[in-house]
file final-v8.cif (mmCIF, C-alpha atoms)
data_coords
#
loop_
_atom_site.group_PDB
_atom_site.id
_atom_site.type_symbol
_atom_site.label_atom_id
_atom_site.label_comp_id
_atom_site.auth_asym_id
_atom_site.auth_seq_id
_atom_site.Cartn_x
_atom_site.Cartn_y
_atom_site.Cartn_z
ATOM 1 C CA MET U 1 51.146 -55.082 34.161
ATOM 2 C CA TYR U 2 48.465 -52.399 33.861
ATOM 3 C CA THR U 3 45.675 -52.350 36.437
ATOM 4 C CA TYR U 4 42.107 -51.099 36.101
ATOM 5 C CA LEU U 5 39.505 -50.001 38.652
ATOM 6 C CA ALA U 6 35.879 -49.695 37.493
ATOM 7 C CA LEU U 7 33.485 -47.704 39.697
ATOM 8 C CA GLY U 8 29.744 -47.620 39.090
ATOM 9 C CA ASP U 9 26.376 -49.348 39.284
ATOM 10 C CA SER U 10 24.469 -51.990 37.271
ATOM 11 C CA TYR U 11 25.891 -50.681 33.998
ATOM 12 C CA THR U 12 29.416 -51.407 35.226
ATOM 13 C CA ILE U 13 28.838 -54.915 36.572
ATOM 14 C CA GLY U 14 26.689 -55.741 33.558
ATOM 15 C CA GLU U 15 23.429 -56.692 35.286
ATOM 16 C CA GLN U 16 21.955 -59.860 33.691
ATOM 17 C CA ALA U 17 24.912 -60.271 31.322
ATOM 18 C CA PRO U 18 27.729 -62.829 31.723
ATOM 19 C CA MET U 19 30.667 -61.262 33.585
ATOM 20 C CA HIS U 20 32.968 -61.372 30.556
ATOM 21 C CA ASP U 21 30.350 -59.395 28.587
ATOM 22 C CA ASN U 22 30.346 -56.313 30.829
ATOM 23 C CA PHE U 23 32.159 -53.304 29.418
ATOM 24 C CA PRO U 24 35.163 -53.414 31.805
ATOM 25 C CA HIS U 25 35.988 -57.025 30.899
ATOM 26 C CA GLN U 26 35.408 -56.424 27.181
ATOM 27 C CA ALA U 27 37.627 -53.314 27.288
ATOM 28 C CA VAL U 28 40.426 -55.304 28.938
ATOM 29 C CA ALA U 29 40.113 -58.013 26.266
ATOM 30 C CA LEU U 30 40.382 -55.372 23.522
ATOM 31 C CA LEU U 31 43.463 -53.829 25.139
ATOM 32 C CA GLN U 32 45.061 -57.254 25.502
ATOM 33 C CA LYS U 33 44.542 -57.789 21.760
ATOM 34 C CA GLN U 34 46.579 -54.617 21.268
ATOM 35 C CA HIS U 35 49.323 -56.237 23.368
ATOM 36 C CA PHE U 36 48.739 -54.198 26.503
ATOM 37 C CA ASP U 37 49.325 -56.417 29.521
ATOM 38 C CA VAL U 38 46.188 -55.503 31.486
ATOM 39 C CA ALA U 39 44.975 -57.408 34.555
ATOM 40 C CA ASP U 40 41.307 -58.286 35.057
ATOM 41 C CA PRO U 41 39.376 -55.228 36.224
ATOM 42 C CA VAL U 42 38.722 -54.575 39.895
ATOM 43 C CA ILE U 43 35.039 -53.628 40.029
ATOM 44 C CA ILE U 44 33.244 -51.716 42.787
ATOM 45 C CA ALA U 45 29.668 -51.541 41.559
ATOM 46 C CA THR U 46 26.205 -52.792 42.519
ATOM 47 C CA THR U 47 22.846 -52.545 40.811
ATOM 48 C CA GLY U 48 20.782 -49.639 42.126
ATOM 49 C CA TRP U 49 23.635 -47.632 43.580
ATOM 50 C CA THR U 50 23.447 -43.849 43.711
ATOM 51 C CA THR U 51 26.481 -41.570 44.050
ATOM 52 C CA ASP U 52 26.424 -41.599 47.865
ATOM 53 C CA GLU U 53 26.063 -45.399 47.994
ATOM 54 C CA LEU U 54 29.069 -45.834 45.711
ATOM 55 C CA SER U 55 31.065 -43.448 47.913
ATOM 56 C CA ALA U 56 30.127 -45.419 51.019
ATOM 57 C CA SER U 57 31.217 -48.694 49.426
ATOM 58 C CA ILE U 58 34.535 -47.213 48.308
ATOM 59 C CA ARG U 59 35.193 -46.234 51.931
ATOM 60 C CA GLU U 60 34.279 -49.764 53.082
ATOM 61 C CA HIS U 61 36.654 -51.357 50.557
ATOM 62 C CA ASN U 62 39.481 -49.273 52.051
ATOM 63 C CA ILE U 63 41.624 -49.485 48.913
ATOM 64 C CA HIS U 64 45.179 -48.261 49.362
ATOM 65 C CA GLU U 65 46.753 -49.119 46.011
ATOM 66 C CA THR U 66 46.585 -47.022 42.857
ATOM 67 C CA PHE U 67 45.635 -48.140 39.341
ATOM 68 C CA SER U 68 46.871 -47.551 35.801
ATOM 69 C CA PHE U 69 43.412 -46.275 34.832
ATOM 70 C CA VAL U 70 39.983 -45.831 36.397
ATOM 71 C CA THR U 71 36.452 -45.604 34.985
ATOM 72 C CA LEU U 72 33.457 -43.929 36.589
ATOM 73 C CA LEU U 73 29.843 -44.345 35.441
ATOM 74 C CA ILE U 74 27.256 -43.276 38.004
ATOM 75 C CA GLY U 75 24.084 -41.236 38.230
ATOM 76 C CA VAL U 76 21.217 -43.114 36.608
ATOM 77 C CA ASN U 77 19.801 -44.136 39.978
ATOM 78 C CA ASN U 78 20.035 -40.547 41.243
ATOM 79 C CA GLN U 79 17.840 -39.563 38.299
ATOM 80 C CA TYR U 80 15.548 -42.567 38.755
ATOM 81 C CA ARG U 81 14.960 -41.687 42.409
ATOM 82 C CA GLY U 82 14.246 -38.047 41.577
ATOM 83 C CA ARG U 83 17.270 -36.550 43.266
ATOM 84 C CA SER U 84 18.369 -33.024 42.461
ATOM 85 C CA ILE U 85 21.073 -32.136 39.955
ATOM 86 C CA ASP U 86 22.817 -30.027 42.606
ATOM 87 C CA ASN U 87 23.075 -33.041 44.890
ATOM 88 C CA TYR U 88 24.494 -35.080 42.001
ATOM 89 C CA LYS U 89 27.056 -32.414 41.129
ATOM 90 C CA THR U 90 28.373 -32.305 44.693
ATOM 91 C CA GLU U 91 28.591 -36.071 45.132
ATOM 92 C CA PHE U 92 29.873 -36.751 41.602
ATOM 93 C CA LYS U 93 32.683 -34.225 42.078
ATOM 94 C CA GLN U 94 33.697 -36.036 45.273
ATOM 95 C CA LEU U 95 33.676 -39.365 43.435
ATOM 96 C CA LEU U 96 35.727 -37.955 40.578
ATOM 97 C CA ASP U 97 38.315 -36.631 43.032
ATOM 98 C CA GLN U 98 38.434 -40.106 44.575
ATOM 99 C CA ALA U 99 38.853 -41.687 41.132
ATOM 100 C CA ILE U 100 41.745 -39.333 40.366
ATOM 101 C CA ALA U 101 43.379 -40.315 43.652
ATOM 102 C CA PHE U 102 43.013 -43.986 42.658
ATOM 103 C CA ALA U 103 44.721 -43.100 39.350
ATOM 104 C CA ASP U 104 47.730 -41.890 41.329
ATOM 105 C CA GLY U 105 46.630 -38.271 41.048
ATOM 106 C CA GLN U 106 46.633 -38.341 37.231
ATOM 107 C CA PRO U 107 43.268 -37.110 35.881
ATOM 108 C CA GLY U 108 44.251 -38.104 32.353
ATOM 109 C CA LYS U 109 43.934 -41.720 33.453
ATOM 110 C CA VAL U 110 40.327 -41.336 34.613
ATOM 111 C CA PHE U 111 37.579 -42.084 32.086
ATOM 112 C CA VAL U 112 34.016 -40.972 32.794
ATOM 113 C CA LEU U 113 31.245 -42.663 30.811
ATOM 114 C CA SER U 114 27.988 -40.836 30.178
ATOM 115 C CA ILE U 115 24.757 -42.076 31.763
ATOM 116 C CA PRO U 116 22.623 -44.345 29.552
ATOM 117 C CA ASP U 117 19.019 -43.404 28.834
ATOM 118 C CA TRP U 118 16.880 -46.133 30.398
ATOM 119 C CA GLY U 119 13.809 -44.277 29.140
ATOM 120 C CA ALA U 120 14.547 -45.565 25.630
ATOM 121 C CA THR U 121 14.064 -49.195 26.720
ATOM 122 C CA PRO U 122 10.924 -51.374 26.922
ATOM 123 C CA PHE U 123 11.209 -51.161 30.728
ATOM 124 C CA ALA U 124 10.057 -47.522 30.524
ATOM 125 C CA GLU U 125 6.769 -48.411 28.806
ATOM 126 C CA GLY U 126 4.019 -46.152 30.195
ATOM 127 C CA LYS U 127 6.497 -43.726 31.747
ATOM 128 C CA ASP U 128 7.211 -40.157 30.611
ATOM 129 C CA ARG U 129 10.033 -40.889 28.180
ATOM 130 C CA PRO U 130 10.633 -37.249 27.096
ATOM 131 C CA LYS U 131 10.944 -36.207 30.752
ATOM 132 C CA ILE U 132 13.412 -39.051 31.437
ATOM 133 C CA ALA U 133 15.468 -38.098 28.368
ATOM 134 C CA LYS U 134 15.528 -34.429 29.398
ATOM 135 C CA GLU U 135 16.666 -35.288 32.931
ATOM 136 C CA ILE U 136 19.320 -37.723 31.668
ATOM 137 C CA ASP U 137 20.605 -34.947 29.376
ATOM 138 C CA GLU U 138 20.780 -32.568 32.353
ATOM 139 C CA TYR U 139 22.671 -35.144 34.412
ATOM 140 C CA ASN U 140 25.074 -35.800 31.560
ATOM 141 C CA ALA U 141 25.683 -32.099 31.010
ATOM 142 C CA ALA U 142 26.717 -31.838 34.667
ATOM 143 C CA CYS U 143 28.735 -35.044 34.459
ATOM 144 C CA LYS U 144 30.623 -33.872 31.354
ATOM 145 C CA GLU U 145 31.271 -30.393 32.737
ATOM 146 C CA ILE U 146 32.735 -31.764 35.975
ATOM 147 C CA ALA U 147 34.774 -34.448 34.195
ATOM 148 C CA LEU U 148 36.335 -32.013 31.721
ATOM 149 C CA ALA U 149 36.929 -29.362 34.404
ATOM 150 C CA GLY U 150 38.823 -32.053 36.284
ATOM 151 C CA LYS U 151 40.866 -32.779 33.127
ATOM 152 C CA CYS U 152 39.460 -36.307 32.887
ATOM 153 C CA SER U 153 38.255 -38.025 29.704
ATOM 154 C CA TYR U 154 34.525 -38.102 28.950
ATOM 155 C CA ILE U 155 33.158 -40.931 26.815
ATOM 156 C CA GLU U 156 29.691 -40.475 25.321
ATOM 157 C CA ILE U 157 27.619 -43.671 25.162
ATOM 158 C CA THR U 158 24.107 -42.291 25.773
ATOM 159 C CA GLY U 159 23.372 -41.873 22.072
ATOM 160 C CA SER U 160 24.056 -45.546 21.463
ATOM 161 C CA THR U 161 21.645 -46.571 24.226
ATOM 162 C CA ARG U 162 18.953 -44.422 22.621
ATOM 163 C CA GLU U 163 19.646 -45.768 19.152
ATOM 164 C CA HIS U 164 19.449 -49.391 20.328
ATOM 165 C CA GLY U 165 16.939 -48.913 23.153
ATOM 166 C CA LYS U 166 14.243 -51.046 21.557
ATOM 167 C CA ASP U 167 16.493 -53.574 19.801
ATOM 168 C CA LYS U 168 16.349 -56.881 21.687
ATOM 169 C CA GLU U 169 19.839 -57.835 20.505
ATOM 170 C CA TYR U 170 21.237 -54.920 22.485
ATOM 171 C CA LEU U 171 19.191 -55.607 25.631
ATOM 172 C CA ALA U 172 19.299 -58.071 28.495
ATOM 173 C CA ALA U 173 16.253 -60.229 29.222
ATOM 174 C CA ASP U 174 14.847 -57.632 31.636
ATOM 175 C CA GLY U 175 14.288 -55.140 28.814
ATOM 176 C CA LEU U 176 16.214 -52.519 30.774
ATOM 177 C CA HIS U 177 19.899 -53.316 30.986
ATOM 178 C CA PRO U 178 22.223 -53.646 27.992
ATOM 179 C CA SER U 179 23.391 -56.933 26.524
ATOM 180 C CA GLY U 180 26.991 -57.763 25.719
ATOM 181 C CA LYS U 181 26.431 -56.388 22.218
ATOM 182 C CA GLU U 182 25.703 -52.887 23.568
ATOM 183 C CA TYR U 183 28.533 -53.121 26.096
ATOM 184 C CA ALA U 184 30.882 -53.975 23.208
ATOM 185 C CA ILE U 185 30.264 -50.489 21.781
ATOM 186 C CA TRP U 186 31.137 -48.852 25.092
ATOM 187 C CA ALA U 187 34.166 -51.103 25.527
ATOM 188 C CA GLN U 188 35.534 -50.183 22.109
ATOM 189 C CA ARG U 189 35.234 -46.456 22.815
ATOM 190 C CA LEU U 190 36.863 -46.915 26.209
ATOM 191 C CA ALA U 191 39.665 -49.157 24.936
ATOM 192 C CA ASP U 192 40.492 -46.681 22.156
ATOM 193 C CA ALA U 193 40.750 -43.838 24.682
ATOM 194 C CA VAL U 194 42.758 -45.882 27.187
ATOM 195 C CA ALA U 195 45.165 -47.141 24.531
ATOM 196 C CA LYS U 196 46.016 -43.570 23.504
ATOM 197 C CA THR U 197 46.729 -42.692 27.136
ATOM 198 C CA LEU U 198 48.843 -45.772 27.848
ATOM 199 C CA LYS U 199 50.957 -45.143 24.727
ATOM 200 C CA LYS U 200 51.967 -41.686 25.956
#
call {"tool": "encode", "arguments": {"input": "final-v8.cif", "output": "structure tokens"}}
result
Amino acid sequence: MYTYLALGDSYTIGEQAPMHDNFPHQAVALLQKQHFDVADPVIIATTGWTTDELSASIREHNIHETFSFVTLLIGVNNQYRGRSIDNYKTEFKQLLDQAIAFADGQPGKVFVLSIPDWGATPFAEGKDRPKIAKEIDEYNAACKEIALAGKCSYIEITGSTREHGKDKEYLAADGLHPSGKEYAIWAQRLADAVAKTLKK
């Protein structure tokens, strides 16, 4: 049986969405349809977490086992709190190294998802949306560079969050977080990438 560890923040647990609608659970369901025997995801994620808070929680969980594949999606709260890109780069690199260790030292089994643009949502009404978009792009450029340098997969989902940012069908009731319909897009991209890796 394949195992899956998902590391992140509100976008990983699926804040305000039913648990089975978050992207890790939807990705597992898609893989199961392809006849991959994948267990329910183990999720270490909490709404509002920054990179250092995720790192601290990973240490507290004291996980000793390894997993067939690992996802990492973190950074939106660093941007939201106005933290520097340099700080993010340092802490994200540490998290990526940890994710690779959880994938039994195999970077090809680590999948980094890009940071969604919360500035495209109704929640950002009255805020400087162009500034948010620019900063999210800077964070994602760093995220992608570090992920690819580490020989991990990078899955772009930011564009989808911008495209559907004002569409209520793709949003949770809070007007900020995605709905299951948006997570389904991420899950499909992830499942396609994971399936290719598991078939190798």
call {"tool": "closest_residue", "arguments": {"input": "final-v8.cif", "among": "U:Gly150, U:Ala141, U:Gln32, U:His64", "to": "Asp192 (chain U)", "atoms": "only C-alpha atoms"}}
result
U:Gln32
call {"tool": "closest_residue", "arguments": {"input": "final-v8.cif", "among": "U:Arg162, U:Tyr88, U:Gly175, U:Arg189", "to": "Pro130 (chain U)", "atoms": "only C-alpha atoms"}}
result
U:Arg162
call {"tool": "resolve_selection", "arguments": {"input": "final-v8.cif", "expression": "the PyMOL selection byres ((chain U and resi 3-15) around 6)", "output": "NGL selection string"}}
result
:U and (2 or 16-17 or 22 or 38-39 or 41-47 or 49 or 67-74)
call {"tool": "closest_residue", "arguments": {"input": "final-v8.cif", "among": "U:Val112, U:Gln94, U:Tyr80, U:Lys151", "to": "Asp128 (chain U)", "atoms": "only C-alpha atoms"}}
result
U:Tyr80
call {"tool": "axis_aligned_box", "arguments": {"input": "final-v8.cif", "around": "region 61-74 of chain U", "padding_each_side": "5 Å", "output": "AutoDock Vina command-line options"}}
result
--center_x 37.1 --center_y -47.3 --center_z 43.4 --size_x 29.6 --size_y 18.1 --size_z 27.2
call {"tool": "decode", "arguments": {"input": "final-v8.cif", "residues": "region 125-140 of chain U", "atoms": "all heavy atoms", "output": "JSON list (two decimals), in the first residue's frame"}}
result
[["chain", "number", "residue", "atom", "x", "y", "z"],
["U", 125, "GLU", "N", -10.96, 42.40, -0.84],
["U", 125, "GLU", "CA", -11.61, 43.66, -1.22],
["U", 125, "GLU", "C", -11.03, 44.82, -0.41],
["U", 125, "GLU", "O", -10.89, 44.74, 0.81],
["U", 125, "GLU", "CB", -13.12, 43.56, -0.94],
["U", 125, "GLU", "CG", -13.92, 44.74, -1.44],
["U", 125, "GLU", "CD", -13.94, 44.83, -2.95],
["U", 125, "GLU", "OE1", -14.09, 43.79, -3.62],
["U", 125, "GLU", "OE2", -13.78, 45.96, -3.45],
["U", 126, "GLY", "N", -10.63, 45.89, -1.10],
["U", 126, "GLY", "CA", -10.07, 47.06, -0.42],
["U", 126, "GLY", "C", -8.58, 46.98, -0.17],
["U", 126, "GLY", "O", -7.96, 47.95, 0.28],
["U", 127, "LYS", "N", -7.99, 45.81, -0.44],
["U", 127, "LYS", "CA", -6.54, 45.67, -0.27],
["U", 127, "LYS", "C", -5.83, 45.91, -1.61],
["U", 127, "LYS", "O", -6.47, 45.98, -2.65],
["U", 127, "LYS", "CB", -6.22, 44.28, 0.30],
["U", 127, "LYS", "CG", -6.74, 44.09, 1.71],
["U", 127, "LYS", "CD", -6.30, 42.76, 2.30],
["U", 127, "LYS", "CE", -6.55, 42.69, 3.80],
["U", 127, "LYS", "NZ", -7.94, 42.88, 4.18],
["U", 128, "ASP", "N", -4.52, 46.03, -1.56],
["U", 128, "ASP", "CA", -3.73, 46.30, -2.76],
["U", 128, "ASP", "C", -3.49, 45.00, -3.53],
["U", 128, "ASP", "O", -2.48, 44.33, -3.34],
["U", 128, "ASP", "CB", -2.40, 46.95, -2.34],
["U", 128, "ASP", "CG", -1.61, 47.47, -3.53],
["U", 128, "ASP", "OD1", -1.89, 47.06, -4.67],
["U", 128, "ASP", "OD2", -0.71, 48.31, -3.32],
["U", 129, "ARG", "N", -4.44, 44.67, -4.39],
["U", 129, "ARG", "CA", -4.37, 43.39, -5.10],
["U", 129, "ARG", "C", -3.12, 43.25, -5.99],
["U", 129, "ARG", "O", -2.49, 42.18, -5.98],
["U", 129, "ARG", "CB", -5.63, 43.17, -5.93],
["U", 129, "ARG", "CG", -6.91, 43.02, -5.12],
["U", 129, "ARG", "CD", -8.10, 42.84, -6.05],
["U", 129, "ARG", "NE", -9.39, 43.02, -5.40],
["U", 129, "ARG", "CZ", -10.11, 42.04, -4.83],
["U", 129, "ARG", "NH1", -9.64, 40.82, -4.83],
["U", 129, "ARG", "NH2", -11.28, 42.29, -4.29],
["U", 130, "PRO", "N", -2.73, 44.29, -6.75],
["U", 130, "PRO", "CA", -1.51, 44.16, -7.56],
["U", 130, "PRO", "C", -0.26, 43.88, -6.71],
["U", 130, "PRO", "O", 0.61, 43.10, -7.11],
["U", 130, "PRO", "CB", -1.41, 45.51, -8.28],
["U", 130, "PRO", "CG", -2.82, 46.01, -8.33],
["U", 130, "PRO", "CD", -3.43, 45.56, -7.04],
["U", 131, "LYS", "N", -0.19, 44.52, -5.55],
["U", 131, "LYS", "CA", 0.96, 44.29, -4.65],
["U", 131, "LYS", "C", 0.95, 42.85, -4.14],
["U", 131, "LYS", "O", 1.99, 42.19, -4.10],
["U", 131, "LYS", "CB", 0.89, 45.26, -3.47],
["U", 131, "LYS", "CG", 2.03, 45.11, -2.45],
["U", 131, "LYS", "CD", 1.95, 46.22, -1.40],
["U", 131, "LYS", "CE", 3.10, 46.12, -0.39],
["U", 131, "LYS", "NZ", 2.86, 45.08, 0.63],
["U", 132, "ILE", "N", -0.23, 42.35, -3.77],
["U", 132, "ILE", "CA", -0.34, 40.95, -3.29],
["U", 132, "ILE", "C", 0.09, 40.00, -4.40],
["U", 132, "ILE", "O", 0.88, 39.07, -4.17],
["U", 132, "ILE", "CB", -1.78, 40.64, -2.84],
["U", 132, "ILE", "CG1", -2.16, 41.48, -1.62],
["U", 132, "ILE", "CG2", -1.94, 39.15, -2.52],
["U", 132, "ILE", "CD1", -3.65, 41.51, -1.32],
["U", 133, "ALA", "N", -0.41, 40.24, -5.62],
["U", 133, "ALA", "CA", -0.07, 39.36, -6.75],
["U", 133, "ALA", "C", 1.43, 39.37, -7.02],
["U", 133, "ALA", "O", 2.04, 38.31, -7.25],
["U", 133, "ALA", "CB", -0.83, 39.81, -8.00],
["U", 134, "LYS", "N", 2.03, 40.55, -6.97],
["U", 134, "LYS", "CA", 3.48, 40.67, -7.21],
["U", 134, "LYS", "C", 4.25, 39.89, -6.15],
["U", 134, "LYS", "O", 5.21, 39.17, -6.46],
["U", 134, "LYS", "CB", 3.88, 42.14, -7.20],
["U", 134, "LYS", "CG", 5.37, 42.41, -7.41],
["U", 134, "LYS", "CD", 5.63, 43.91, -7.51],
["U", 134, "LYS", "CE", 7.12, 44.22, -7.69],
["U", 134, "LYS", "NZ", 7.87, 44.00, -6.44],
["U", 135, "GLU", "N", 3.85, 40.03, -4.89],
["U", 135, "GLU", "CA", 4.56, 39.33, -3.81],
["U", 135, "GLU", "C", 4.36, 37.82, -3.90],
["U", 135, "GLU", "O", 5.30, 37.05, -3.68],
["U", 135, "GLU", "CB", 4.10, 39.87, -2.45],
["U", 135, "GLU", "CG", 4.60, 41.30, -2.21],
["U", 135, "GLU", "CD", 4.13, 41.88, -0.89],
["U", 135, "GLU", "OE1", 3.37, 41.19, -0.16],
["U", 135, "GLU", "OE2", 4.50, 43.04, -0.59],
["U", 136, "ILE", "N", 3.15, 37.39, -4.24],
["U", 136, "ILE", "CA", 2.89, 35.95, -4.41],
["U", 136, "ILE", "C", 3.77, 35.41, -5.54],
["U", 136, "ILE", "O", 4.34, 34.31, -5.43],
["U", 136, "ILE", "CB", 1.40, 35.68, -4.71],
["U", 136, "ILE", "CG1", 0.52, 36.02, -3.48],
["U", 136, "ILE", "CG2", 1.17, 34.24, -5.16],
["U", 136, "ILE", "CD1", 0.60, 35.04, -2.33],
["U", 137, "ASP", "N", 3.89, 36.18, -6.63],
["U", 137, "ASP", "CA", 4.76, 35.76, -7.74],
["U", 137, "ASP", "C", 6.21, 35.63, -7.29],
["U", 137, "ASP", "O", 6.91, 34.69, -7.69],
["U", 137, "ASP", "CB", 4.68, 36.76, -8.90],
["U", 137, "ASP", "CG", 3.38, 36.63, -9.69],
["U", 137, "ASP", "OD1", 2.69, 35.61, -9.55],
["U", 137, "ASP", "OD2", 3.07, 37.57, -10.46],
["U", 138, "GLU", "N", 6.66, 36.55, -6.45],
["U", 138, "GLU", "CA", 8.04, 36.50, -5.95],
["U", 138, "GLU", "C", 8.24, 35.27, -5.05],
["U", 138, "GLU", "O", 9.26, 34.58, -5.15],
["U", 138, "GLU", "CB", 8.36, 37.78, -5.18],
["U", 138, "GLU", "CG", 8.52, 39.00, -6.08],
["U", 138, "GLU", "CD", 8.56, 40.31, -5.30],
["U", 138, "GLU", "OE1", 8.38, 40.29, -4.06],
["U", 138, "GLU", "OE2", 8.78, 41.37, -5.94],
["U", 139, "TYR", "N", 7.26, 35.01, -4.21],
["U", 139, "TYR", "CA", 7.33, 33.81, -3.35],
["U", 139, "TYR", "C", 7.36, 32.55, -4.19],
["U", 139, "TYR", "O", 8.13, 31.62, -3.94],
["U", 139, "TYR", "CB", 6.13, 33.78, -2.39],
["U", 139, "TYR", "CG", 6.42, 34.40, -1.04],
["U", 139, "TYR", "CD1", 6.44, 35.78, -0.87],
["U", 139, "TYR", "CD2", 6.69, 33.60, 0.06],
["U", 139, "TYR", "CE1", 6.71, 36.35, 0.37],
["U", 139, "TYR", "CE2", 6.96, 34.16, 1.30],
["U", 139, "TYR", "CZ", 6.97, 35.54, 1.45],
["U", 139, "TYR", "OH", 7.24, 36.09, 2.67],
["U", 140, "ASN", "N", 6.50, 32.51, -5.22],
["U", 140, "ASN", "CA", 6.44, 31.31, -6.05],
["U", 140, "ASN", "C", 7.69, 31.12, -6.89],
["U", 140, "ASN", "O", 8.11, 29.98, -7.13],
["U", 140, "ASN", "CB", 5.19, 31.34, -6.93],
["U", 140, "ASN", "CG", 3.96, 30.84, -6.19],
["U", 140, "ASN", "OD1", 4.06, 29.92, -5.38],
["U", 140, "ASN", "ND2", 2.81, 31.43, -6.46]]
